[in-house]
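For reference, start-v4.cif (mmCIF, C-alpha atoms):
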```cif
data_structure
loop_
_atom_site.label_atom_id
_atom_site.label_comp_id
_atom_site.auth_asym_id
_atom_site.auth_seq_id
_atom_site.Cartn_x
_atom_site.Cartn_y
_atom_site.Cartn_z
CA MET A 1 -27.09 -16.75 4.37
CA TYR A 2 -27.08 -13.61 2.25
CA ASN A 3 -30.26 -11.98 1.02
CA LYS A 4 -30.77 -8.44 -0.18
CA ASP A 5 -31.91 -7.34 3.24
CA THR A 6 -28.74 -8.48 4.97
CA SER A 7 -27.24 -5.42 6.61
CA ILE A 8 -23.58 -4.53 6.90
CA PHE A 9 -23.91 -5.13 10.62
CA GLU A 10 -25.10 -8.69 10.09
CA ARG A 11 -22.30 -9.38 7.64
CA VAL A 12 -19.67 -8.15 10.09
CA LEU A 13 -21.29 -10.31 12.76
CA SER A 14 -21.07 -13.28 10.41
CA MET A 15 -17.35 -12.51 9.97
CA PHE A 16 -16.81 -13.10 13.69
CA GLN A 17 -18.93 -16.26 13.59
CA THR A 18 -16.98 -17.62 10.63
CA VAL A 19 -13.69 -17.14 12.47
CA GLU A 20 -15.06 -18.60 15.70
CA ASN A 21 -16.26 -21.75 13.87
CA GLU A 22 -13.33 -22.11 11.51
CA GLY A 23 -10.85 -23.59 13.96
CA HIS A 24 -7.99 -21.20 13.20
CA GLY A 25 -7.97 -19.56 16.59
CA SER A 26 -10.73 -17.82 18.52
CA VAL A 27 -11.79 -14.32 17.56
CA LEU A 28 -9.92 -13.00 20.59
CA LEU A 29 -6.73 -14.85 19.67
CA VAL A 30 -6.77 -13.61 16.06
CA PHE A 31 -7.47 -10.09 17.32
CA VAL A 32 -4.47 -10.31 19.68
CA ILE A 33 -2.25 -11.67 16.87
CA GLY A 34 -3.28 -8.55 14.94
CA MET A 35 -2.42 -6.28 17.87
CA VAL A 36 1.04 -7.85 18.25
CA PHE A 37 1.62 -7.77 14.48
CA GLY A 38 0.69 -4.07 14.37
CA SER A 39 2.86 -3.28 17.39
CA ILE A 40 5.96 -4.94 15.95
CA ILE A 41 5.48 -2.90 12.78
CA GLN A 42 4.85 0.27 14.75
CA TYR A 43 7.82 0.01 17.11
CA THR A 44 10.27 -0.87 14.33
CA ARG A 45 8.71 1.97 12.29
CA VAL A 46 8.67 -0.09 9.10
CA HIS A 47 5.24 1.35 8.30
CA ARG A 48 6.73 4.82 7.89
CA PHE A 49 6.81 6.28 4.38
CA GLU A 50 10.50 7.01 4.93
CA LYS A 51 11.23 3.34 5.56
CA ILE A 52 9.41 1.82 2.56
CA ALA A 53 9.77 4.59 -0.03
CA GLY A 54 13.26 5.10 1.43
CA PHE A 55 14.04 1.45 0.65
CA SER A 56 12.86 1.98 -2.94
CA MET A 57 15.42 4.82 -3.19
CA LEU A 58 18.00 2.64 -1.39
CA LYS A 59 18.22 5.28 1.32
CA ASP A 60 16.85 3.06 4.09
CA THR A 61 17.51 -0.63 4.67
CA VAL A 62 15.52 -1.41 7.83
CA VAL A 63 12.69 -3.09 5.84
CA PRO A 64 14.83 -5.64 3.96
CA LYS A 65 17.04 -6.31 7.00
CA MET A 66 14.05 -7.05 9.19
CA LEU A 67 12.21 -9.06 6.52
CA PHE A 68 15.18 -11.31 5.75
CA LEU A 69 15.98 -11.88 9.42
CA ALA A 70 12.36 -12.76 10.23
CA ILE A 71 12.07 -15.17 7.26
CA GLY A 72 15.46 -16.75 7.93
CA LEU A 73 14.70 -17.51 11.56
CA ALA A 74 11.07 -18.47 11.01
CA SER A 75 11.89 -20.88 8.15
CA ILE A 76 14.21 -22.92 10.40
CA GLY A 77 11.71 -22.76 13.27
CA LEU A 78 8.78 -23.75 11.08
CA PHE A 79 10.64 -26.78 9.73
CA ILE A 80 11.27 -27.96 13.30
CA PHE A 81 7.60 -27.33 14.18
CA ILE A 82 6.48 -29.38 11.18
CA GLN A 83 8.78 -32.28 12.15
CA LEU A 84 7.28 -32.19 15.64
CA GLY A 85 3.77 -32.18 14.20
CA TRP A 86 3.07 -28.70 15.57
CA ALA A 87 2.41 -27.05 12.19
CA SER A 88 1.87 -27.84 8.53
CA TYR A 89 2.62 -26.29 5.15
CA HIS A 90 0.13 -23.91 3.51
CA VAL A 91 1.93 -23.17 0.26
CA LYS A 92 0.59 -20.80 -2.39
CA PRO A 93 0.48 -22.13 -5.97
CA ILE A 94 2.76 -20.85 -8.73
CA LEU A 95 0.58 -18.81 -11.11
CA LEU A 96 3.34 -17.27 -13.23
CA GLY A 97 1.26 -14.56 -14.88
CA GLY A 98 -0.24 -13.45 -11.59
CA LEU A 99 3.05 -13.52 -9.73
CA ILE A 100 5.00 -11.55 -12.34
CA ILE A 101 2.35 -9.02 -13.40
CA GLY A 102 1.04 -8.73 -9.84
CA GLY A 103 4.56 -8.42 -8.45
CA ILE A 104 5.49 -5.62 -10.85
CA ILE A 105 2.28 -3.69 -10.06
CA PHE A 106 2.64 -4.36 -6.32
CA GLY A 107 6.29 -3.30 -6.16
CA SER A 108 5.85 -0.05 -7.99
CA SER A 109 2.69 0.83 -6.02
CA MET A 110 4.53 0.10 -2.79
CA ALA A 111 7.35 2.46 -3.79
CA ILE A 112 4.93 5.32 -4.51
CA PHE A 113 2.48 4.69 -1.66
CA GLY A 114 5.24 3.92 0.83
CA LYS A 115 2.95 1.29 2.39
CA CYS A 116 1.89 -2.28 1.87
CA PRO A 117 -1.42 -3.87 2.91
CA GLY A 118 -0.05 -4.93 6.31
CA THR A 119 1.67 -1.67 7.24
CA GLY A 120 -0.97 0.71 5.84
CA PRO A 121 -3.51 0.07 8.63
CA VAL A 122 -0.89 1.00 11.26
CA SER A 123 -0.46 4.39 9.59
CA VAL A 124 -4.23 4.82 9.33
CA ALA A 125 -4.48 4.21 13.09
CA GLU A 126 -1.84 6.91 13.63
CA GLY A 127 -3.92 9.48 11.75
CA ARG A 128 -2.11 9.59 8.40
CA VAL A 129 -4.69 11.10 6.07
CA ASP A 130 -2.82 10.29 2.85
CA VAL A 131 -2.86 6.61 3.82
CA MET A 132 -6.60 6.78 4.55
CA VAL A 133 -7.09 8.11 1.02
CA GLY A 134 -4.88 5.30 -0.28
CA ALA A 135 -7.01 2.80 1.66
CA LEU A 136 -10.09 4.07 -0.18
CA GLY A 137 -8.23 3.45 -3.42
CA GLY A 138 -7.39 -0.02 -2.13
CA ILE A 139 -11.01 -0.83 -1.34
CA LEU A 140 -11.93 0.25 -4.85
CA GLY A 141 -9.13 -2.01 -6.10
CA GLY A 142 -10.62 -4.88 -4.11
CA LEU A 143 -14.01 -4.20 -5.68
CA VAL A 144 -12.64 -4.08 -9.23
CA PHE A 145 -10.67 -7.29 -8.65
CA THR A 146 -13.78 -9.05 -7.37
CA LEU A 147 -15.95 -7.85 -10.26
CA PHE A 148 -13.45 -8.85 -12.97
CA TYR A 149 -12.02 -11.93 -11.28
CA ASP A 150 -13.17 -14.31 -14.00
CA LYS A 151 -11.32 -12.33 -16.68
CA LEU A 152 -8.27 -11.64 -14.51
CA GLN A 153 -7.85 -15.35 -13.89
CA LEU A 154 -6.88 -15.75 -17.56
CA LEU A 155 -4.07 -13.27 -16.93
CA MET A 156 -2.93 -15.08 -13.81
CA GLY A 157 -2.51 -18.35 -15.65
CA LYS A 158 -2.66 -22.00 -14.68
CA SER A 159 -1.14 -23.30 -11.47
CA LEU A 160 2.27 -24.91 -11.95
CA GLY A 161 1.89 -26.51 -8.54
CA LYS A 162 2.58 -25.70 -4.92
CA LEU A 163 6.31 -26.29 -5.13
CA THR A 164 8.84 -25.62 -2.40
CA LEU A 165 12.62 -25.68 -2.08
CA THR A 166 12.38 -28.41 0.56
CA GLY A 167 10.19 -30.45 -1.75
CA TYR A 168 12.82 -30.12 -4.50
CA PHE A 169 15.63 -31.36 -2.24
CA GLU A 170 13.44 -34.07 -0.74
CA ASP A 171 16.24 -36.21 0.60
CA HIS A 172 17.98 -33.38 2.43
CA GLN A 173 15.10 -31.28 3.71
CA GLY A 174 16.65 -30.36 7.05
CA LEU A 175 19.97 -29.32 5.51
CA THR A 176 18.17 -27.35 2.78
CA VAL A 177 16.10 -25.37 5.27
CA LEU A 178 19.11 -24.78 7.50
CA LEU A 179 21.16 -23.41 4.59
CA PHE A 180 18.22 -21.36 3.30
CA GLY A 181 17.51 -19.87 6.71
CA LEU A 182 21.13 -19.17 7.60
CA THR A 183 21.77 -17.56 4.19
CA LEU A 184 18.89 -15.15 4.77
CA VAL A 185 20.10 -14.36 8.30
CA VAL A 186 23.60 -13.67 6.95
CA ILE A 187 22.14 -11.45 4.19
CA SER A 188 20.08 -9.52 6.75
CA ILE A 189 23.19 -8.84 8.82
CA ALA A 190 25.37 -8.12 5.77
CA ILE A 191 23.08 -5.44 4.31
CA PRO A 192 24.52 -2.18 5.65
CA LEU A 193 22.19 -0.34 8.02
CA ILE A 194 21.10 2.93 6.42
CA GLU A 195 18.28 5.00 7.86
CA GLU A 196 16.29 7.84 6.34
CA PRO A 197 15.08 10.14 9.13
CA ASP A 198 11.29 9.90 9.47
CA GLU A 199 8.75 12.60 10.22
CA SER A 200 9.13 12.40 13.99
CA GLU A 201 12.88 12.72 13.66
CA VAL A 202 12.88 15.76 11.38
CA GLY A 203 10.32 17.53 13.55
CA ASP A 204 7.24 17.18 11.37
CA LEU A 205 5.37 15.63 14.27
CA GLN A 206 6.36 18.12 16.97
CA SER A 207 3.29 19.78 18.33
CA GLU A 208 3.44 19.39 22.08
CA MET B 1 8.24 3.83 27.78
CA ILE B 2 9.89 2.20 24.76
CA LYS B 3 9.03 4.07 21.56
CA LYS B 4 11.30 2.34 19.09
CA ILE B 5 12.91 -1.08 18.79
CA PRO B 6 15.87 -1.97 16.55
CA TRP B 7 15.37 -3.95 13.31
CA TRP B 8 16.88 -7.15 14.72
CA VAL B 9 14.57 -7.20 17.73
CA GLY B 10 11.66 -6.62 15.35
CA GLY B 11 12.91 -9.43 13.09
CA ILE B 12 13.14 -11.89 15.98
CA LEU B 13 9.71 -10.91 17.33
CA MET B 14 8.17 -11.17 13.86
CA ALA B 15 9.68 -14.66 13.43
CA LEU B 16 8.20 -15.72 16.78
CA LEU B 17 4.79 -14.31 15.87
CA LEU B 18 4.85 -16.12 12.50
CA LEU B 19 5.75 -19.40 14.22
CA PHE B 20 3.02 -18.97 16.80
CA THR B 21 0.47 -18.19 14.08
CA PHE B 22 1.54 -21.23 12.02
CA SER B 23 1.48 -23.56 15.02
CA ILE B 24 -1.43 -25.62 16.29
CA PHE B 25 -1.14 -23.67 19.55
CA GLY B 26 -1.91 -20.51 17.60
CA ALA B 27 -3.98 -20.34 14.43
CA ASN B 28 -2.60 -23.31 12.45
CA ARG B 29 -2.43 -21.13 9.34
CA PRO B 30 -0.13 -18.55 7.75
CA LEU B 31 -0.38 -14.85 8.48
CA GLY B 32 -1.67 -12.79 5.56
CA ALA B 33 -2.79 -9.21 5.24
CA SER B 34 -4.29 -8.37 1.87
CA THR B 35 -7.31 -10.65 1.42
CA TYR B 36 -9.21 -8.56 3.94
CA VAL B 37 -9.40 -5.70 1.43
CA PRO B 38 -11.63 -7.35 -1.22
CA TYR B 39 -13.49 -9.05 1.65
CA PHE B 40 -14.41 -5.67 3.14
CA ALA B 41 -15.05 -4.22 -0.33
CA GLY B 42 -17.66 -6.97 -0.76
CA ILE B 43 -19.32 -5.93 2.50
CA ILE B 44 -19.12 -2.17 1.90
CA PHE B 45 -20.48 -2.37 -1.65
CA ASP B 46 -23.03 -4.95 -0.56
CA LEU B 47 -22.04 -7.58 -3.13
CA ASP B 48 -23.84 -10.90 -2.93
CA PRO B 49 -21.16 -13.41 -1.79
CA GLU B 50 -23.07 -16.22 -3.52
CA LYS B 51 -22.84 -14.49 -6.87
CA TYR B 52 -19.14 -13.66 -7.04
CA THR B 53 -16.64 -16.51 -7.40
CA TYR B 54 -13.93 -14.51 -5.69
CA LEU B 55 -15.98 -13.64 -2.64
CA LYS B 56 -16.84 -17.31 -2.26
CA GLU B 57 -13.16 -18.24 -2.46
CA ILE B 58 -12.04 -15.73 0.13
CA HIS B 59 -14.94 -16.12 2.55
CA LYS B 60 -12.88 -17.90 5.22
CA PRO B 61 -9.44 -16.27 4.84
CA GLY B 62 -11.15 -12.88 4.40
CA SER B 63 -13.00 -13.27 7.69
CA TRP B 64 -9.85 -14.33 9.50
CA GLU B 65 -7.85 -11.41 8.15
CA GLY B 66 -10.75 -9.06 8.83
CA VAL B 67 -10.52 -9.83 12.54
CA LEU B 68 -6.72 -9.56 12.34
CA LEU B 69 -7.06 -6.13 10.76
CA LEU B 70 -9.34 -4.92 13.55
CA GLY B 71 -6.66 -6.03 16.02
CA VAL B 72 -3.99 -4.15 14.06
CA LEU B 73 -6.07 -0.98 13.95
CA PHE B 74 -7.03 -1.16 17.62
CA GLY B 75 -3.55 -2.01 18.89
CA SER B 76 -1.81 0.61 16.76
CA PHE B 77 -4.29 3.30 17.74
CA ILE B 78 -3.84 2.59 21.46
CA ASN B 79 -0.05 2.56 21.07
CA ALA B 80 -0.04 5.76 19.03
CA VAL B 81 -2.18 7.65 21.53
CA PHE B 82 -0.78 6.41 24.83
CA ILE B 83 2.73 5.07 24.28
CA THR B 84 4.52 6.25 21.15
CA LYS B 85 2.48 9.48 21.12
CA THR B 86 2.68 9.50 17.33
CA PHE B 87 -1.02 10.08 16.66
CA ARG B 88 -1.37 13.19 14.45
CA PHE B 89 -3.52 14.03 11.46
CA THR B 90 -0.88 14.60 8.80
CA ALA B 91 -0.96 14.00 5.06
CA LEU B 92 2.43 14.90 3.62
CA PRO B 93 5.30 12.57 4.62
CA SER B 94 8.65 14.25 5.25
CA ALA B 95 10.46 12.22 2.63
CA TRP B 96 7.75 13.02 0.04
CA LYS B 97 8.59 16.68 0.60
CA ARG B 98 12.29 15.93 0.42
CA TYR B 99 12.31 13.78 -2.70
CA LYS B 100 9.07 14.52 -4.56
CA ASN B 101 7.20 17.77 -3.99
CA ASN B 102 5.33 19.95 -1.49
CA SER B 103 1.92 19.44 -3.05
CA LEU B 104 -0.80 17.93 -0.89
CA THR B 105 -2.96 17.27 -3.96
CA SER B 106 -0.14 15.39 -5.62
CA ARG B 107 0.42 13.19 -2.55
CA LEU B 108 -3.29 12.41 -2.08
CA LEU B 109 -3.79 11.64 -5.75
CA TRP B 110 -0.77 9.36 -5.92
CA SER B 111 -1.86 7.68 -2.67
CA PHE B 112 -5.28 6.89 -4.08
CA VAL B 113 -3.91 5.55 -7.34
CA SER B 114 -1.09 3.54 -5.74
CA GLY B 115 -3.47 2.21 -3.07
CA PHE B 116 -5.77 1.00 -5.84
CA PHE B 117 -3.00 -0.77 -7.76
CA LEU B 118 -1.36 -2.10 -4.59
CA ILE B 119 -4.42 -4.26 -3.97
CA ILE B 120 -4.85 -5.25 -7.62
CA GLY B 121 -1.21 -6.36 -7.66
CA ALA B 122 -1.42 -8.23 -4.37
CA ARG B 123 -4.58 -10.10 -5.37
CA LEU B 124 -3.19 -10.99 -8.82
CA ALA B 125 -0.13 -12.47 -7.13
CA GLY B 126 -2.19 -14.10 -4.40
CA GLY B 127 -0.41 -12.41 -1.52
CA CYS B 128 1.52 -9.42 -0.24
CA THR B 129 4.47 -8.64 1.98
CA SER B 130 2.89 -10.72 4.76
CA GLY B 131 1.33 -13.63 2.88
CA HIS B 132 4.08 -14.12 0.31
CA PHE B 133 7.28 -12.59 1.71
CA LEU B 134 6.92 -13.47 5.37
CA SER B 135 4.64 -16.51 5.44
CA GLY B 136 5.42 -17.90 1.98
CA MET B 137 9.20 -17.67 2.02
CA THR B 138 9.21 -19.09 5.56
CA GLN B 139 7.83 -22.26 3.91
CA THR B 140 10.48 -21.99 1.17
CA ALA B 141 7.69 -21.67 -1.42
CA PHE B 142 8.89 -21.00 -4.97
CA SER B 143 5.80 -18.88 -5.68
CA SER B 144 6.77 -16.51 -2.88
CA MET B 145 10.41 -16.34 -3.96
CA ILE B 146 9.34 -15.41 -7.51
CA PHE B 147 7.03 -12.74 -6.07
CA GLY B 148 9.78 -11.50 -3.73
CA VAL B 149 12.35 -11.04 -6.48
CA VAL B 150 9.89 -9.35 -8.88
CA VAL B 151 8.63 -6.98 -6.17
CA MET B 152 12.11 -5.95 -5.00
CA VAL B 153 13.24 -5.21 -8.57
CA SER B 154 10.05 -3.31 -9.40
CA LEU B 155 10.21 -1.38 -6.11
CA VAL B 156 13.78 -0.20 -6.60
CA ILE B 157 13.32 0.69 -10.29
CA THR B 158 10.18 2.71 -9.46
CA GLY B 159 11.99 4.41 -6.57
CA LYS B 160 14.80 5.48 -8.89
CA LEU B 161 12.44 6.76 -11.58
CA PHE B 162 9.72 8.33 -9.42
CA TYR B 163 11.71 10.27 -6.83
CA LYS B 164 14.35 12.91 -7.31
CA ASP B 165 17.69 11.46 -6.41
CA ASN B 166 19.30 14.12 -4.27
CA LYS B 167 17.50 17.16 -3.10
CA ASP B 168 18.62 19.39 -0.26
CA VAL B 169 16.34 19.42 2.76
#
```
Could the structure of this file be written out as structure tokens, please?
Amino acid sequence: MYNKDTSIFERVLSMFQTVENEGHGSVLLVFVIGMVFGSIIQYTRVHRFEKIAGFSMLKDTVVPKMLFLAIGLASIGLFIFIQLGWASYHVKPILLGGLIIGGIIFGSSMAIFGKCPGTGPVSVAEGRVDVMVGALGGILGGLVFTLFYDKLQLLMGKSLGKLTLTGYFEDHQGLTVLLFGLTLVVISIAIPLIEEPDESEVGDLQSE
Amino acid sequence: MIKKIPWWVGGILMALLLLFTFSIFGANRPLGASTYVPYFAGIIFDLDPEKYTYLKEIHKPGSWEGVLLLGVLFGSFINAVFITKTFRFTALPSAWKRYKNNSLTSRLLWSFVSGFFLIIGARLAGGCTSGHFLSGMTQTAFSSMIFGVVVMVSLVITGKLFYKDNKDV
């Protein structure tokens, strides 16, 4: 329990305890999921400024190709898992104000920063100082959001429900997911592959 | 050692990781990566989690993502130092020089500001590229599709307006 003498160390310790007791994987498992997640990002280089800002300029298409392929395949797989009782849905509610205003702010920040919250940490771990500075901005953003949450909730609006495409086509769930997944896979293949050379390819990282 | 994998291998691996994370054999929850930011902000600025509604709401997902983040940082650092050999202290991305400017101050300032708004935007929408795009659209959630479309449009419009279109290297 928090009191004013609780140190940062104790709060980080309580983070591990919370995860260990929560039943969503042991601390080690979640840590390993993070390592794999980071590695996939790192080896496909989608954390590079050139890949994300490049996508915003339509000069690099690796990010959308990989995203659509991953979603397409995973949506079909997840549906099968759910039928087998191996997984369940955890759908986010529709808060129109939050989704639209948040989406606009998020998209334009992502274009300028050239990172998102999942890819940023990979760049930080590679020594990118500009991304470390951006992370400080992000932490400040997290603070401001927390402090003004009650007011911001008015902006986000009321939940219109946790609706899904499969819920809408209730009687044909399997077919719906199959078409949805395959469409995304086809889109991911159909988008032409364009690549903007990144810093290691133009020699900005040569120092050995 | 492998230093780069093609987009389709990455897409397949990411799909497998998402499925594992969703499954009861893994974490039995979606993979998200932006709730950890306000969670850590609460710790760093020593905010009382009992006093702030938001900190109470994100206590569990924030902890989970906090551990995930440590894994990302650790794994990427080890890779960068020993395998991809991409660890360098740099601050000015090549494409920023190509399409924006050569000013370090400009890049750092824009990074700080866009980092700030990136998190505000993600938390307003209730997710980011991982939580909404990857995990949300995998569940065919309408909320995530709305977010996805808005983000893509906003990203491309900003890219067109913010960067110079064609500049010689």
Explicit residue set for the PyMOL selection byres ((chain A and resi 58) around 9), as a short mmCIF file (atom, residue, chain, number, x, y, z; two decimals) with C-alpha atoms, in the frame of the given file:
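The result, stored in selection.cif:
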```
data_model
loop_
_atom_site.label_atom_id
_atom_site.label_comp_id
_atom_site.auth_asym_id
_atom_site.auth_seq_id
_atom_site.Cartn_x
_atom_site.Cartn_y
_atom_site.Cartn_z
CA ALA A 53 9.77 4.59 -0.03
CA GLY A 54 13.26 5.10 1.43
CA PHE A 55 14.04 1.45 0.65
CA SER A 56 12.86 1.98 -2.94
CA MET A 57 15.42 4.82 -3.19
CA LYS A 59 18.22 5.28 1.32
CA ASP A 60 16.85 3.06 4.09
CA THR A 61 17.51 -0.63 4.67
CA ILE A 194 21.10 2.93 6.42
CA VAL B 156 13.78 -0.20 -6.60
CA GLY B 159 11.99 4.41 -6.57
CA LYS B 160 14.80 5.48 -8.89
#
```
Quick one: pull the distance between CA of Glu22 in chain A and CA of Phe20 in chain B, Å, one decimal. 17.5 Å
Excluding range 99-102 of chain B and residues on its chain fewer than 4 positions from it, collect all residues at most 12 Å away from it, counting only C-alpha atoms, and give them as a list in words.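 After dropping sequence-adjacent residues, the list is Phe49, Glu50, Ala53, Gly54, Ser56, Met57, Lys59, Ile112 and Glu196 of chain A; Ala91, Leu92, Pro93, Ser94, Ala95, Ser106, Arg107, Leu108, Trp110, Gly159, Lys160, Leu161, Phe162, Tyr163, Lys164, Asp165, Asn166, Lys167, Asp168 and Val169 of chain B.
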Output file for the selection above: C-alpha atoms, as a PDB file, keeping the file's coordinate frame:
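Saved the output as part-v5.pdb:
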```pdb
ATOM      1  CA  PHE A  49       6.810   6.280   4.380  1.00  0.00           C
ATOM      2  CA  GLU A  50      10.500   7.010   4.930  1.00  0.00           C
ATOM      3  CA  ALA A  53       9.770   4.590  -0.030  1.00  0.00           C
ATOM      4  CA  GLY A  54      13.260   5.100   1.430  1.00  0.00           C
ATOM      5  CA  SER A  56      12.860   1.980  -2.940  1.00  0.00           C
ATOM      6  CA  MET A  57      15.420   4.820  -3.190  1.00  0.00           C
ATOM      7  CA  LYS A  59      18.220   5.280   1.320  1.00  0.00           C
ATOM      8  CA  ILE A 112       4.930   5.320  -4.510  1.00  0.00           C
ATOM      9  CA  GLU A 196      16.290   7.840   6.340  1.00  0.00           C
TER      10      GLU A 196
ATOM     11  CA  ALA B  91      -0.960  14.000   5.060  1.00  0.00           C
ATOM     12  CA  LEU B  92       2.430  14.900   3.620  1.00  0.00           C
ATOM     13  CA  PRO B  93       5.300  12.570   4.620  1.00  0.00           C
ATOM     14  CA  SER B  94       8.650  14.250   5.250  1.00  0.00           C
ATOM     15  CA  ALA B  95      10.460  12.220   2.630  1.00  0.00           C
ATOM     16  CA  SER B 106      -0.140  15.390  -5.620  1.00  0.00           C
ATOM     17  CA  ARG B 107       0.420  13.190  -2.550  1.00  0.00           C
ATOM     18  CA  LEU B 108      -3.290  12.410  -2.080  1.00  0.00           C
ATOM     19  CA  TRP B 110      -0.770   9.360  -5.920  1.00  0.00           C
ATOM     20  CA  GLY B 159      11.990   4.410  -6.570  1.00  0.00           C
ATOM     21  CA  LYS B 160      14.800   5.480  -8.890  1.00  0.00           C
ATOM     22  CA  LEU B 161      12.440   6.760 -11.580  1.00  0.00           C
ATOM     23  CA  PHE B 162       9.720   8.330  -9.420  1.00  0.00           C
ATOM     24  CA  TYR B 163      11.710  10.270  -6.830  1.00  0.00           C
ATOM     25  CA  LYS B 164      14.350  12.910  -7.310  1.00  0.00           C
ATOM     26  CA  ASP B 165      17.690  11.460  -6.410  1.00  0.00           C
ATOM     27  CA  ASN B 166      19.300  14.120  -4.270  1.00  0.00           C
ATOM     28  CA  LYS B 167      17.500  17.160  -3.100  1.00  0.00           C
ATOM     29  CA  ASP B 168      18.620  19.390  -0.260  1.00  0.00           C
ATOM     30  CA  VAL B 169      16.340  19.420   2.760  1.00  0.00           C
TER      31      VAL B 169
END
```
Find the residues with any atom within 12 Å of (-2.2, 11.4, 8.3); use only C-alpha atoms and the coordinates as given in the file, and write the answer as a PyMOL selection string. (chain A and resi 48-49+120-135+199+204-205) or (chain B and resi 86-94+104+107-108+111)
What do you get, as a ChimeraX atom specification, if you spell out every residue that the PyMOL selection byres ((chain B and resi 65) around 7) selects here? /B:32-33,35-36,61-64,66-69
Measuring between all atoms listed in the file, which one of A:Val32, A:Ile41, A:Met110, A:Val62 shows the shortest distance to Pro192 in chain A?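 Closest candidate: A:Val62.
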Nearest to Gly148 in chain B: which of A:Ile100, A:Leu165, A:Ile139, A:Leu155 is it, counting only C-alpha atoms?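 Ranking A:Ile100, A:Leu165, A:Ile139, A:Leu155 by distance to Gly148 in chain B, first place goes to A:Ile100.
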For the structure shown, which residues end up in the PyMOL selection byres ((chain B and resi 130) around 8)? Put them as a list in words, please? Gly118 of chain A; Leu31, Gly32, Ala33, Gly127, Cys128, Thr129, Gly131, His132, Phe133, Leu134 and Ser135 of chain B
Quick one: residues within 10 Å of range 8-17 of chain B, all atoms listed in the file counted, chain neighbours fewer than 4 positions away excluded, as a tab-separated table (two decimals) with C-alpha atoms, in the frame of the given file?
```tsv
chain	number	residue	atom	x	y	z
A	33	ILE	CA	-2.25	-11.67	16.87
A	34	GLY	CA	-3.28	-8.55	14.94
A	36	VAL	CA	1.04	-7.85	18.25
A	37	PHE	CA	1.62	-7.77	14.48
A	39	SER	CA	2.86	-3.28	17.39
A	40	ILE	CA	5.96	-4.94	15.95
A	41	ILE	CA	5.48	-2.90	12.78
A	42	GLN	CA	4.85	0.27	14.75
A	43	TYR	CA	7.82	0.01	17.11
A	44	THR	CA	10.27	-0.87	14.33
A	45	ARG	CA	8.71	1.97	12.29
A	46	VAL	CA	8.67	-0.09	9.10
A	62	VAL	CA	15.52	-1.41	7.83
A	63	VAL	CA	12.69	-3.09	5.84
A	65	LYS	CA	17.04	-6.31	7.00
A	66	MET	CA	14.05	-7.05	9.19
A	67	LEU	CA	12.21	-9.06	6.52
A	68	PHE	CA	15.18	-11.31	5.75
A	69	LEU	CA	15.98	-11.88	9.42
A	70	ALA	CA	12.36	-12.76	10.23
A	71	ILE	CA	12.07	-15.17	7.26
A	72	GLY	CA	15.46	-16.75	7.93
A	73	LEU	CA	14.70	-17.51	11.56
A	74	ALA	CA	11.07	-18.47	11.01
A	75	SER	CA	11.89	-20.88	8.15
A	76	ILE	CA	14.21	-22.92	10.40
A	77	GLY	CA	11.71	-22.76	13.27
A	78	LEU	CA	8.78	-23.75	11.08
A	185	VAL	CA	20.10	-14.36	8.30
A	188	SER	CA	20.08	-9.52	6.75
A	189	ILE	CA	23.19	-8.84	8.82
B	4	LYS	CA	11.30	2.34	19.09
B	21	THR	CA	0.47	-18.19	14.08
B	22	PHE	CA	1.54	-21.23	12.02
B	23	SER	CA	1.48	-23.56	15.02
B	26	GLY	CA	-1.91	-20.51	17.60
B	31	LEU	CA	-0.38	-14.85	8.48
B	134	LEU	CA	6.92	-13.47	5.37
B	135	SER	CA	4.64	-16.51	5.44
B	138	THR	CA	9.21	-19.09	5.56
```
Using CA of Val177 in chain A and CA of Phe142 in chain B as the two end points, give the distance in Å to one decimal.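 These atoms are spaced 13.3 Å apart.
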How far is it from CA of Val81 in chain B to CA of Met1 in chain B, in Å with one decimal?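 Taking CA of Val81 in chain B as the start and CA of Met1 in chain B as the end point, the length is 12.7 Å.
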Padding 3 Å on each side, edges along x, y and z: where is the centre of the box around the listed atoms of range 90-102 of chain B, and how long are its edges in Å to one decimal? Output it as lines of an AutoDock Vina configuration file.
```
center_x = 5.7
center_y = 16.1
center_z = 2.1
size_x = 19.3
size_y = 13.7
size_z = 19.4
```
Of the listed residues A:Ala111, A:Val186, A:Ile80, A:Leu160, that which approaches chain B most closely, counting only C-alpha atoms: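 Among the listed residues, A:Ala111 lies closest to chain B.
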Kindly indicate which residue among A:Gly157, A:Gly98, A:Gly181, A:Pro197 lies nearest to chain B, using only C-alpha atoms for the distances.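 Looking only at the distances to chain B, the closest residue turns out to be A:Gly98.
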Polymer residues at most 10 Å from (-22.5, -14.0, 6.6) by only C-alpha atoms, as a list of chain:residue names: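 With a cut-off of 10 Å, the residues come to A:Met1, A:Tyr2, A:Asn3, A:Thr6, A:Ser7, A:Ile8, A:Phe9, A:Glu10, A:Arg11, A:Val12, A:Leu13, A:Ser14, A:Met15, A:Phe16, A:Gln17, A:Thr18, B:Ile43, B:Pro49, B:His59, B:Ser63.
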Which one is closest to chain B: A:Gly141, A:Gly85, A:Leu96, A:Lys115? Count all atoms listed in the file.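 Selected residue with least distance to chain B: A:Gly141.
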With all atoms listed in the file as the basis for distance, which of A:Gly174, A:Gly103, A:Gly161, A:Gly114 is at the shortest distance from chain B?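 Among the listed residues, the smallest separation from chain B belongs to A:Gly103.
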For Gly25 in chain A, work out the shell of residues within 7 Å, counting only C-alpha atoms and skipping chain neighbours fewer than 4 positions away, then give it as a list of chain:residue names.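 The neighbour list is A:Leu29, A:Val30, B:Gly26, B:Ala27.
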